[in-house]
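*Asks:* Just structure31.cif, nothing more (mmCIF, C-alpha atoms):
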data_final
loop_
_atom_site.label_atom_id
_atom_site.label_comp_id
_atom_site.auth_asym_id
_atom_site.auth_seq_id
_atom_site.Cartn_x
_atom_site.Cartn_y
_atom_site.Cartn_z
CA VAL J 1 10.42 20.98 -43.43
CA ASN J 2 13.06 18.60 -42.21
CA CYS J 3 12.45 15.48 -40.20
CA GLN J 4 12.52 17.45 -36.94
CA GLY J 5 9.66 19.66 -38.05
CA LYS J 6 11.81 22.77 -38.56
CA PRO J 7 11.73 24.81 -41.78
CA SER J 8 14.45 23.77 -44.21
CA PRO J 9 16.90 26.56 -45.05
CA PRO J 10 17.29 27.72 -48.68
CA GLY J 11 19.65 25.31 -50.48
CA GLY J 12 18.64 22.28 -48.46
CA GLU J 13 19.52 20.80 -45.14
CA PRO J 14 23.09 20.91 -43.89
CA PRO J 15 24.84 17.54 -43.67
CA GLY J 16 23.58 15.63 -40.67
CA LEU J 17 20.05 16.99 -40.92
CA ALA J 18 19.21 15.73 -44.45
CA HIS J 19 16.60 13.06 -43.95
CA PRO J 20 17.86 9.62 -45.14
CA ASP J 21 15.41 7.61 -47.19
CA GLY J 22 14.06 4.23 -46.08
CA PRO J 23 16.47 2.02 -48.06
CA THR J 24 19.42 4.02 -46.73
CA LEU J 25 18.22 3.65 -43.14
CA GLY J 26 17.76 -0.07 -43.76
CA ALA J 27 21.30 -0.34 -45.12
CA TYR J 28 22.54 1.60 -42.07
CA PHE J 29 20.71 -0.86 -39.81
CA ASP J 30 22.37 -3.77 -41.67
CA GLY J 31 25.82 -2.18 -41.48
CA ALA J 32 25.93 -2.00 -45.27
CA LEU J 33 26.81 1.70 -45.64
CA GLY J 34 30.29 3.07 -46.17
CA THR J 35 32.03 4.77 -43.27
CA SER J 36 31.24 8.37 -44.19
CA ALA J 37 27.61 7.63 -45.13
CA ALA J 38 27.14 5.68 -41.91
CA ARG J 39 28.57 8.60 -39.92
CA ARG J 40 26.16 11.03 -41.58
CA VAL J 41 23.14 8.79 -40.87
CA SER J 42 24.33 8.19 -37.33
CA SER J 43 24.58 11.89 -36.53
CA HIS J 44 21.18 12.43 -38.12
CA VAL J 45 19.46 9.65 -36.20
CA ALA J 46 20.86 10.95 -32.93
CA GLY J 47 18.63 14.02 -33.26
CA CYS J 48 15.70 12.65 -35.23
CA ALA J 49 12.92 10.87 -33.37
CA PRO J 50 11.10 9.47 -36.45
CA CYS J 51 14.30 7.94 -37.85
CA ALA J 52 15.23 6.54 -34.44
CA ALA J 53 11.74 5.01 -34.25
CA HIS J 54 12.21 3.52 -37.70
CA LEU J 55 15.44 1.87 -36.59
CA ALA J 56 13.62 0.52 -33.53
CA ASP J 57 11.00 -0.94 -35.87
CA LEU J 58 13.72 -2.64 -37.88
CA GLU J 59 15.21 -4.08 -34.72
CA ALA J 60 11.82 -5.40 -33.60
CA LEU J 61 11.17 -6.95 -36.99
CA ALA J 62 14.60 -8.61 -37.00
CA LEU J 63 13.87 -10.09 -33.56
CA ALA J 64 10.47 -11.34 -34.70
CA LEU J 65 12.07 -12.98 -37.73
CA ALA J 66 14.74 -14.58 -35.57
CA ASP J 67 12.01 -16.09 -33.42
CA THR J 68 10.07 -17.45 -36.38
CA GLU J 69 8.80 -20.91 -35.63
CA GLU J 70 9.92 -23.45 -38.20
CA ALA J 71 7.37 -25.57 -39.98
CA PRO J 72 7.83 -29.31 -39.46
CA ALA J 73 9.44 -31.13 -42.36
CA PRO J 74 6.94 -33.26 -44.30
CA ALA J 75 6.94 -36.96 -43.46
CA ARG J 76 7.88 -37.91 -47.02
CA LEU J 77 11.14 -35.98 -46.99
CA PHE J 78 13.39 -38.34 -45.02
CA PRO J 79 12.35 -41.60 -46.74
CA GLY J 80 12.43 -39.82 -50.09
CA VAL J 81 16.03 -38.71 -49.57
CA MET J 82 17.14 -42.13 -48.36
CA ALA J 83 15.46 -43.91 -51.27
CA ALA J 84 17.06 -41.55 -53.78
CA LEU J 85 20.48 -42.01 -52.14
CA ALA J 86 20.36 -45.72 -52.90
CA SER J 87 20.77 -44.93 -56.58
CA ALA J 88 23.23 -42.05 -56.20
CA PRO J 89 27.01 -42.45 -56.61
CA ARG J 90 28.72 -42.70 -53.22
CA PRO J 91 30.81 -39.66 -52.14
CA GLU J 92 34.11 -41.53 -52.49
CA GLN J 93 33.16 -42.50 -56.05
CA VAL J 94 32.38 -38.89 -56.86
CA ALA J 95 35.74 -37.88 -55.41
CA ARG J 96 37.50 -40.52 -57.53
CA LEU J 97 35.68 -39.39 -60.65
CA ALA J 98 36.58 -35.77 -59.91
CA LEU J 99 40.25 -36.77 -59.54
CA ALA J 100 40.09 -38.76 -62.75
CA GLN J 101 38.59 -35.80 -64.58
CA LEU J 102 41.33 -33.58 -63.20
CA LEU J 103 43.96 -36.01 -64.43
CA GLY J 104 42.23 -36.21 -67.79
CA ALA J 105 42.25 -32.44 -68.13
CA GLY J 106 45.92 -32.37 -67.10
CA ALA J 107 46.70 -34.99 -69.70
CA VAL J 108 45.02 -32.91 -72.38
CA ALA J 109 47.13 -29.94 -71.38
CA VAL J 110 50.31 -31.99 -71.42
CA ALA J 111 49.35 -33.60 -74.73
CA THR J 112 49.62 -30.28 -76.48
CA LEU J 113 53.25 -29.81 -75.39
CA PRO J 114 54.91 -32.54 -77.49
CA THR J 115 52.86 -31.49 -80.48
CA ILE J 116 53.97 -27.89 -80.20
CA ALA J 117 57.53 -28.97 -79.47
CA HIS J 118 57.53 -31.28 -82.45
CA VAL J 119 56.18 -28.63 -84.79
CA ILE J 120 58.88 -26.26 -83.58
CA ALA J 121 61.50 -28.96 -83.99
CA ALA J 122 60.37 -29.70 -87.54
CA THR J 123 60.60 -26.09 -88.69
CA PRO J 124 63.63 -24.72 -90.55
CA TRP J 125 64.94 -22.85 -87.48
CA ARG J 126 66.41 -26.06 -86.13
CA GLN J 127 68.76 -26.23 -89.07
CA THR J 128 70.46 -23.10 -87.75
CA ALA J 129 69.87 -23.67 -84.04
CA GLY J 130 72.68 -24.84 -81.84
CA PRO J 131 72.89 -28.41 -80.50
CA ALA J 132 71.87 -27.29 -77.00
CA ALA J 133 68.57 -25.81 -78.22
CA ARG J 134 67.79 -28.88 -80.33
CA ASP J 135 68.59 -31.14 -77.40
CA LEU J 136 66.30 -29.13 -75.10
CA VAL J 137 63.42 -29.39 -77.56
CA ALA J 138 64.00 -33.10 -77.89
CA ARG J 139 64.00 -33.62 -74.14
CA ILE J 140 60.79 -31.62 -73.68
CA SER J 141 59.16 -33.68 -76.41
CA GLY J 142 60.24 -36.92 -74.81
CA TRP J 143 59.15 -35.99 -71.28
CA ALA J 144 55.82 -34.65 -72.47
CA ALA J 145 55.04 -37.71 -74.57
CA GLY J 146 55.94 -39.97 -71.64
CA GLY J 147 53.90 -37.84 -69.24
CA VAL J 148 50.87 -37.99 -71.50
CA SER J 149 51.01 -41.75 -71.67
CA ALA J 150 51.42 -42.13 -67.91
CA LEU J 151 48.67 -39.66 -67.03
CA HIS J 152 46.23 -41.22 -69.44
CA ALA J 153 46.96 -44.68 -68.19
CA LEU J 154 46.32 -43.46 -64.63
CA ALA J 155 43.14 -41.59 -65.58
CA LEU J 156 41.81 -44.59 -67.46
CA GLY J 157 42.53 -46.84 -64.51
CA LEU J 158 40.79 -44.55 -62.04
CA ARG J 159 37.78 -44.04 -64.26
CA THR J 160 37.46 -47.73 -64.87
CA ALA J 161 37.72 -48.44 -61.14
CA ALA J 162 35.12 -45.80 -60.35
CA ALA J 163 32.77 -47.13 -63.01
CA ALA J 164 33.25 -50.65 -61.71
CA ALA J 165 32.47 -49.55 -58.16
CA GLN J 166 29.38 -47.73 -59.37
CA ALA J 167 28.21 -50.86 -61.13
CA THR J 168 28.15 -52.66 -57.78
CA VAL J 169 25.88 -50.11 -56.02
CA PRO J 170 22.39 -51.59 -55.64
CA GLY J 171 19.94 -49.90 -57.95
CA ALA J 172 22.65 -47.98 -59.77
CA GLY J 173 21.75 -49.58 -63.05
CA GLY J 174 25.07 -51.41 -63.40
CA SER J 175 25.14 -53.41 -66.57
CA ALA J 176 26.22 -57.00 -67.04
CA GLY J 177 28.98 -55.83 -69.39
CA GLY J 178 31.33 -55.06 -66.47
CA PRO J 179 33.53 -52.03 -66.01
CA TRP J 180 34.67 -51.78 -69.63
CA SER J 181 31.11 -51.09 -70.73
CA HIS J 182 31.33 -47.83 -68.74
CA LEU J 183 34.58 -46.70 -70.30
CA ALA J 184 33.08 -45.18 -73.44
CA VAL J 185 30.75 -42.93 -71.47
CA SER J 186 33.03 -42.22 -68.50
CA LEU J 187 35.67 -40.51 -70.66
CA ASP J 188 34.79 -36.94 -71.45
CA PRO J 189 35.44 -35.52 -74.95
CA MET J 190 38.52 -33.59 -73.86
CA SER J 191 40.13 -36.79 -72.59
CA TRP J 192 39.44 -38.49 -75.90
CA ILE J 193 41.04 -35.56 -77.74
CA GLY J 194 44.02 -35.80 -75.40
CA LEU J 195 44.33 -39.51 -76.05
CA LEU J 196 44.21 -38.97 -79.81
CA LEU J 197 46.84 -36.23 -79.60
CA ALA J 198 49.11 -38.40 -77.48
CA ALA J 199 48.67 -41.38 -79.78
CA THR J 200 49.44 -39.24 -82.84
CA VAL J 201 52.61 -37.87 -81.32
CA LEU J 202 53.76 -41.32 -80.24
CA TRP J 203 53.02 -42.74 -83.69
CA ILE J 204 55.09 -40.01 -85.30
CA VAL J 205 57.94 -40.63 -82.90
CA VAL J 206 57.90 -44.39 -83.40
CA HIS J 207 57.48 -44.37 -87.16
CA GLY J 208 59.61 -41.35 -87.86
CA ALA J 209 57.05 -40.02 -90.33
CA VAL J 210 58.33 -36.51 -89.74
CA PRO J 211 61.95 -35.66 -88.98
CA PHE J 212 62.29 -35.54 -85.22
CA PRO J 213 64.88 -34.11 -82.86
CA PRO J 214 67.90 -36.38 -82.60
CA ALA J 215 67.51 -37.22 -78.92
CA LEU J 216 64.19 -38.94 -79.67
CA SER J 217 65.16 -40.50 -82.97
CA GLY J 218 68.23 -42.12 -81.44
CA ALA J 219 70.79 -40.16 -83.48
CA PRO J 220 73.56 -38.25 -81.71
CA ASN J 221 73.03 -34.51 -81.30
CA GLY J 222 73.74 -32.62 -84.47
CA ASP J 223 74.22 -35.83 -86.44
CA ARG J 224 70.88 -36.31 -88.20
CA ARG J 225 70.73 -38.09 -91.48
CA MET S 1 25.66 -40.61 -24.78
CA SER S 2 26.20 -37.43 -26.79
CA GLU S 3 25.42 -37.27 -30.49
CA PRO S 4 28.38 -37.36 -32.89
CA PRO S 5 29.21 -33.95 -34.37
CA GLY S 6 28.34 -33.16 -37.98
CA GLY S 7 31.96 -33.38 -39.14
CA GLU S 8 32.26 -36.90 -37.75
CA LEU S 9 29.07 -37.95 -39.53
CA VAL S 10 30.39 -36.49 -42.78
CA ARG S 11 33.66 -38.43 -42.40
CA ARG S 12 31.73 -41.66 -41.79
CA THR S 13 29.50 -40.96 -44.80
CA ARG S 14 32.55 -40.50 -46.98
CA LEU S 15 33.70 -43.94 -45.91
CA GLY S 16 30.44 -45.42 -47.17
CA ASP S 17 28.31 -45.32 -43.99
CA SER S 18 24.89 -44.36 -45.33
CA GLU S 19 23.42 -44.50 -41.79
CA ALA S 20 25.64 -41.54 -40.91
CA TYR S 21 24.21 -39.49 -43.75
CA GLY S 22 20.73 -40.57 -42.68
CA GLU S 23 21.48 -39.04 -39.29
CA LEU S 24 22.56 -35.78 -40.95
CA VAL S 25 19.33 -35.73 -42.96
CA ARG S 26 17.32 -36.37 -39.80
CA ARG S 27 19.07 -33.50 -37.99
CA TYR S 28 18.85 -30.90 -40.73
CA GLN S 29 15.70 -31.78 -42.65
CA THR S 30 13.59 -29.20 -40.80
CA ALA S 31 16.10 -26.41 -41.28
CA VAL S 32 16.63 -27.21 -44.97
CA TYR S 33 12.91 -27.60 -45.62
CA ASN S 34 12.19 -24.23 -44.01
CA VAL S 35 14.84 -22.46 -46.07
CA CYS S 36 13.20 -23.89 -49.19
CA LEU S 37 9.71 -23.08 -47.93
CA ARG S 38 10.54 -19.45 -47.16
CA LEU S 39 12.22 -19.00 -50.52
CA LEU S 40 9.76 -20.86 -52.72
CA GLY S 41 6.54 -20.28 -50.80
CA ASP S 42 5.02 -23.62 -51.71
CA PRO S 43 5.17 -26.68 -49.39
CA ASP S 44 5.35 -29.24 -52.21
CA ASP S 45 8.07 -27.35 -54.06
CA ALA S 46 9.92 -26.91 -50.76
CA ALA S 47 9.87 -30.66 -50.06
CA ASP S 48 11.16 -31.42 -53.57
CA PHE S 49 13.93 -28.85 -53.32
CA ALA S 50 14.88 -29.98 -49.82
CA GLN S 51 15.29 -33.51 -51.16
CA ALA S 52 17.31 -32.24 -54.12
CA THR S 53 19.50 -30.26 -51.70
CA PHE S 54 20.32 -33.35 -49.63
CA LEU S 55 21.17 -35.31 -52.77
CA HIS S 56 23.31 -32.48 -54.10
CA ALA S 57 25.06 -32.21 -50.73
CA TYR S 58 25.74 -35.95 -50.77
CA GLU S 59 27.40 -35.67 -54.17
CA LYS S 60 29.44 -32.65 -53.07
CA LEU S 61 30.38 -34.03 -49.68
CA HIS S 62 34.03 -34.36 -50.71
CA THR S 63 34.19 -30.56 -50.94
CA PHE S 64 32.91 -30.01 -47.38
CA ASP S 65 35.47 -28.89 -44.80
CA THR S 66 34.82 -31.14 -41.79
CA SER S 67 36.36 -28.61 -39.42
CA ARG S 68 33.38 -26.32 -40.08
CA PRO S 69 29.76 -26.78 -38.97
CA PHE S 70 27.54 -28.71 -41.37
CA GLY S 71 24.33 -26.72 -40.73
CA PRO S 72 25.30 -23.39 -42.31
CA TRP S 73 26.87 -25.22 -45.26
CA ILE S 74 23.76 -27.18 -46.14
CA ARG S 75 21.42 -24.24 -45.45
CA ARG S 76 23.42 -22.10 -47.86
CA LEU S 77 23.37 -24.91 -50.40
CA ALA S 78 19.58 -25.06 -50.05
CA ALA S 79 19.30 -21.30 -50.43
CA ASN S 80 21.47 -21.29 -53.56
CA THR S 81 19.49 -24.16 -55.07
CA CYS S 82 16.18 -22.35 -54.50
CA VAL S 83 17.52 -18.96 -55.60
CA ASN S 84 18.65 -20.51 -58.88
CA ASP S 85 15.09 -21.69 -59.38
CA LEU S 86 13.67 -18.28 -58.47
CA ARG S 87 15.93 -16.66 -61.05
CA ARG S 88 14.59 -18.99 -63.71
CA ARG S 89 11.01 -18.07 -62.83
CA ARG S 90 9.41 -15.10 -64.51
CA PRO S 91 9.83 -12.18 -62.13
CA GLU S 92 6.58 -11.00 -60.60
CA SER S 93 5.52 -7.63 -61.84
CA VAL S 94 6.36 -4.82 -59.49
CA ALA S 95 4.69 -1.53 -60.25
CA GLU S 96 7.28 0.94 -61.46
CA SER S 97 5.73 3.64 -59.32
CA GLU S 98 6.24 1.51 -56.24
CA VAL S 99 9.85 0.79 -57.12
CA ARG S 100 10.69 4.45 -57.68
CA ARG S 101 8.83 5.79 -54.68
CA THR S 102 10.90 6.28 -51.57
CA PRO S 103 8.43 7.00 -48.81
CA SER S 104 9.58 8.67 -45.67
CA PRO S 105 10.58 6.35 -42.85
CA ALA S 106 7.95 7.97 -40.66
CA ALA S 107 5.24 6.56 -42.94
CA TRP S 108 6.61 3.07 -42.27
CA SER S 109 6.98 3.47 -38.57
CA ASN S 110 4.65 1.45 -36.43
CA PRO S 111 4.26 2.47 -32.80
CA GLU S 112 3.34 -1.10 -31.87
CA ALA S 113 6.40 -2.59 -33.51
CA SER S 114 7.76 -3.88 -30.22
CA LEU S 115 4.70 -6.12 -30.01
CA TYR S 116 6.24 -8.24 -32.79
CA ARG S 117 8.00 -10.07 -30.04
CA THR S 118 4.75 -11.49 -28.77
CA LEU S 119 3.58 -12.73 -32.16
CA ALA S 120 3.30 -16.45 -32.58
CA GLY S 121 6.12 -17.90 -34.68
CA ASP S 122 3.78 -19.29 -37.28
CA GLU S 123 2.14 -15.86 -37.74
CA VAL S 124 5.51 -14.48 -38.80
CA ARG S 125 6.07 -17.48 -41.04
CA GLU S 126 2.69 -16.99 -42.71
CA ALA S 127 3.47 -13.30 -43.21
CA ILE S 128 6.74 -14.23 -44.93
CA LEU S 129 4.99 -16.74 -47.16
CA ALA S 130 2.46 -14.07 -48.18
CA LEU S 131 5.23 -11.89 -49.64
CA PRO S 132 5.99 -11.87 -53.37
CA ASP S 133 8.90 -14.10 -54.49
CA HIS S 134 11.53 -11.39 -54.77
CA TYR S 135 10.70 -9.94 -51.35
CA ARG S 136 10.73 -13.36 -49.69
CA ALA S 137 14.12 -14.00 -51.28
CA VAL S 138 15.78 -10.88 -49.85
CA ILE S 139 14.24 -11.47 -46.40
CA GLU S 140 15.48 -15.07 -46.38
CA LEU S 141 18.96 -14.25 -47.62
CA ARG S 142 19.46 -11.26 -45.30
CA HIS S 143 17.73 -12.32 -42.09
CA PHE S 144 18.05 -16.10 -42.13
CA GLN S 145 21.20 -16.74 -44.18
CA GLU S 146 22.90 -13.50 -43.09
CA PHE S 147 24.13 -12.71 -46.61
CA THR S 148 25.78 -9.34 -47.12
CA TYR S 149 24.17 -6.91 -49.55
CA ALA S 150 26.86 -7.76 -52.10
CA GLU S 151 26.14 -11.48 -51.73
CA ILE S 152 22.40 -10.89 -52.12
CA GLY S 153 23.03 -8.84 -55.24
CA GLU S 154 25.22 -11.58 -56.68
CA ALA S 155 22.77 -14.35 -55.82
CA LEU S 156 19.76 -12.55 -57.26
CA SER S 157 21.58 -10.67 -60.04
CA LEU S 158 20.51 -7.32 -58.63
CA PRO S 159 22.43 -4.05 -58.40
CA MET S 160 23.14 -2.82 -54.88
CA SER S 161 20.51 -0.06 -55.14
CA ASP S 162 17.84 -2.70 -55.91
CA VAL S 163 18.97 -4.85 -53.01
CA LYS S 164 18.46 -1.88 -50.69
CA SER S 165 15.05 -0.97 -52.08
CA HIS S 166 13.84 -4.58 -52.23
CA LEU S 167 14.83 -5.11 -48.62
CA TYR S 168 13.17 -1.89 -47.58
CA ARG S 169 9.91 -2.74 -49.34
CA ALA S 170 9.96 -6.35 -48.18
CA ARG S 171 10.38 -5.27 -44.56
CA ARG S 172 7.69 -2.65 -44.92
CA ALA S 173 5.28 -5.18 -46.41
CA LEU S 174 6.09 -7.63 -43.65
CA ALA S 175 5.61 -5.00 -40.95
CA THR S 176 2.29 -3.96 -42.46
CA THR S 177 1.06 -7.57 -42.57
CA LEU S 178 2.15 -8.26 -39.01
CA ALA S 179 0.61 -5.03 -37.72
CA ALA S 180 -2.66 -5.85 -39.51
CA GLY S 181 -2.61 -9.32 -37.94
CA ARG S 182 -2.45 -7.78 -34.50
CA SER S 183 -5.30 -5.33 -34.99
#
Show how you would write the structure in this file as structure tokens.
*Replies:*
Amino acid sequence: VNCQGKPSPPGGEPPGLAHPDGPTLGAYFDGALGTSAARRVSSHVAGCAPCAAHLADLEALALALADTEEAPAPARLFPGVMAALASAPRPEQVARLALAQLLGAGAVAVATLPTIAHVIAATPWRQTAGPAARDLVARISGWAAGGVSALHALALGLRTAAAAAQATVPGAGGSAGGPWSHLAVSLDPMSWIGLLLAATVLWIVVHGAVPFPPALSGAPNGDRR
Amino acid sequence: MSEPPGGELVRRTRLGDSEAYGELVRRYQTAVYNVCLRLLGDPDDAADFAQATFLHAYEKLHTFDTSRPFGPWIRRLAANTCVNDLRRRRPESVAESEVRRTPSPAAWSNPEASLYRTLAGDEVREAILALPDHYRAVIELRHFQEFTYAEIGEALSLPMSDVKSHLYRARRALATTLAAGRS
């Protein structure tokens, strides 16, 4: 027997008369069915009093929920939030820290470039490569090493400034050691790795521990000793 | 004199005006507390999570788009905070037979449904609070936060079919409670 009380034909109800289950009607009410499924339910509901009544129930329930009276907030909430805010970093500090972290992550990414470029430059291929290719590698190495240094200097400055500002917030637990005491904890591990990578590359460049492309070592292109 | 809009208060807060954030807390504390209450079901937990929401919002204020209204943003933040807690809780046992059963809509239908409109607001609130955690969550996310089914599924880590059946059973349980309250 289908939802209209008529005997179901052998093989089931034709499309449009098959009775949708409760979750499907609910999804239809919420507009969460696909187009073809929604069309099937719609044509069914048009001729099915129980399903139409069910949709009316859903509508009534939704209205009752919309009219739900809100409970008053407890008296302790507002003072609790304001007291906790006194020891929280201010939004502009959080924004500065986020920027510093972004710069730190960028520096780490850039720090890998001179290393890769240097490894490539130190491999036997450069003996057979043309001067233009060697010069390009040398320039990339130089720019990347310079970029790493600049980015890290900027990130360190921002982090130090943010830590110093935090130390001045009442109740923030600022120590008497000043901003530098925050530096060790304000740098994340990736920034430390980036710094180490950058320092290693710069040390190699300065000390010439490994043969380096001519543009960085000061020799004319193709004239390495 | 009219009150400053939420976006203006956020801008002032970002510049270090804690009074401005205090005004935002004053305006939205009831809404945020009620989101937490409906999702968690416990007044003490709700107060703690409402406080945590305001602190979290303060820290994330630099990500807020001041051209948009503050209310929906912080209510959604509260809902996400509470839902994360609900997901960590052990799910309440739901009888398999109940989950698999798909009763006919006619069995759910209540001829006095239209009388819901005359129910006192706190009766509806009490009925919501009497629901199990997972049913309260879908009612809150669908009816109060207006999440789509896909968003509910993502928030609660449920497949779409479970979102549909949870919503259906939650609404049926709510309707039954409300109808019983009237009789």
*Asks:* Between S:Ala47, S:Leu129, S:Ala78, S:Val35, which has the minimum distance to S:His143 (counting only C-alpha atoms)?
*Replies:*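 Between S:Ala47, S:Leu129, S:Ala78, S:Val35, the residue approaching S:His143 most closely is S:Val35.
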*Asks:* For this structure, which residues satisfy the selection - the PyMOL selection byres ((chain J and resi 84) around 12) - when it is evaluated on the file as given? I want them as a compact mmCIF listing (two decimals) with C-alpha atoms, keeping the file's coordinate frame.
*Replies:*
# COMPACT_ATOMS: atom_id res chain seq x y z
CA ARG J 76 7.88 -37.91 -47.02
CA LEU J 77 11.14 -35.98 -46.99
CA PHE J 78 13.39 -38.34 -45.02
CA PRO J 79 12.35 -41.60 -46.74
CA GLY J 80 12.43 -39.82 -50.09
CA VAL J 81 16.03 -38.71 -49.57
CA MET J 82 17.14 -42.13 -48.36
CA ALA J 83 15.46 -43.91 -51.27
CA LEU J 85 20.48 -42.01 -52.14
CA ALA J 86 20.36 -45.72 -52.90
CA SER J 87 20.77 -44.93 -56.58
CA ALA J 88 23.23 -42.05 -56.20
CA PRO J 89 27.01 -42.45 -56.61
CA ARG J 90 28.72 -42.70 -53.22
CA PRO J 170 22.39 -51.59 -55.64
CA GLY J 171 19.94 -49.90 -57.95
CA ALA J 172 22.65 -47.98 -59.77
CA SER S 18 24.89 -44.36 -45.33
CA GLY S 22 20.73 -40.57 -42.68
CA ASP S 48 11.16 -31.42 -53.57
CA GLN S 51 15.29 -33.51 -51.16
CA ALA S 52 17.31 -32.24 -54.12
CA THR S 53 19.50 -30.26 -51.70
CA PHE S 54 20.32 -33.35 -49.63
CA LEU S 55 21.17 -35.31 -52.77
CA HIS S 56 23.31 -32.48 -54.10
CA TYR S 58 25.74 -35.95 -50.77
CA GLU S 59 27.40 -35.67 -54.17
*Asks:* Selection in question (the file shown): the PyMOL selection byres ((chain J) within 8 of (chain S)). Which residues does it include, as a ChimeraX atom specification?
*Replies:* /J:21-24,26-27,32,50-51,53-54,56-58,60-74,77-78,80-82,84-85,88-92,94-95
*Asks:* In Å, with one decimal, what is the gap from atom CA of J:Glu59 to atom CA of S:Cys82?
*Replies:*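 Straight-line distance from atom CA of J:Glu59 to atom CA of S:Cys82 works out to 26.9 Å.
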*Asks:* Could you pull the residues within 10 Å of S:Ala155, counting all atoms listed in the file, minus those fewer than 6 positions along the same chain, as a PDB file with C-alpha atoms, keeping the file's coordinate frame?
*Replies:*
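The resulting file, part34.pdb, is reproduced below:
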ATOM      1  CA  ALA S  79      19.300 -21.300 -50.430  1.00  0.00           C
ATOM      2  CA  ASN S  80      21.470 -21.290 -53.560  1.00  0.00           C
ATOM      3  CA  VAL S  83      17.520 -18.960 -55.600  1.00  0.00           C
ATOM      4  CA  ASN S  84      18.650 -20.510 -58.880  1.00  0.00           C
ATOM      5  CA  ARG S  87      15.930 -16.660 -61.050  1.00  0.00           C
ATOM      6  CA  ALA S 137      14.120 -14.000 -51.280  1.00  0.00           C
ATOM      7  CA  VAL S 138      15.780 -10.880 -49.850  1.00  0.00           C
ATOM      8  CA  LEU S 141      18.960 -14.250 -47.620  1.00  0.00           C
ATOM      9  CA  PHE S 147      24.130 -12.710 -46.610  1.00  0.00           C
ATOM     10  CA  TYR S 149      24.170  -6.910 -49.550  1.00  0.00           C
TER      11      TYR S 149
END
*Asks:* One number please: atom CA of J:Val41 to atom CA of J:Pro20, in Å, one decimal.
*Replies:*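 These atoms are spaced 6.8 Å apart.
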*Asks:* Separation of atom CA of S:Pro159 and atom CA of J:Leu33, in Å?
*Replies:*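 Interatomic distance, atom CA of S:Pro159 to atom CA of J:Leu33: 14.7 Å.
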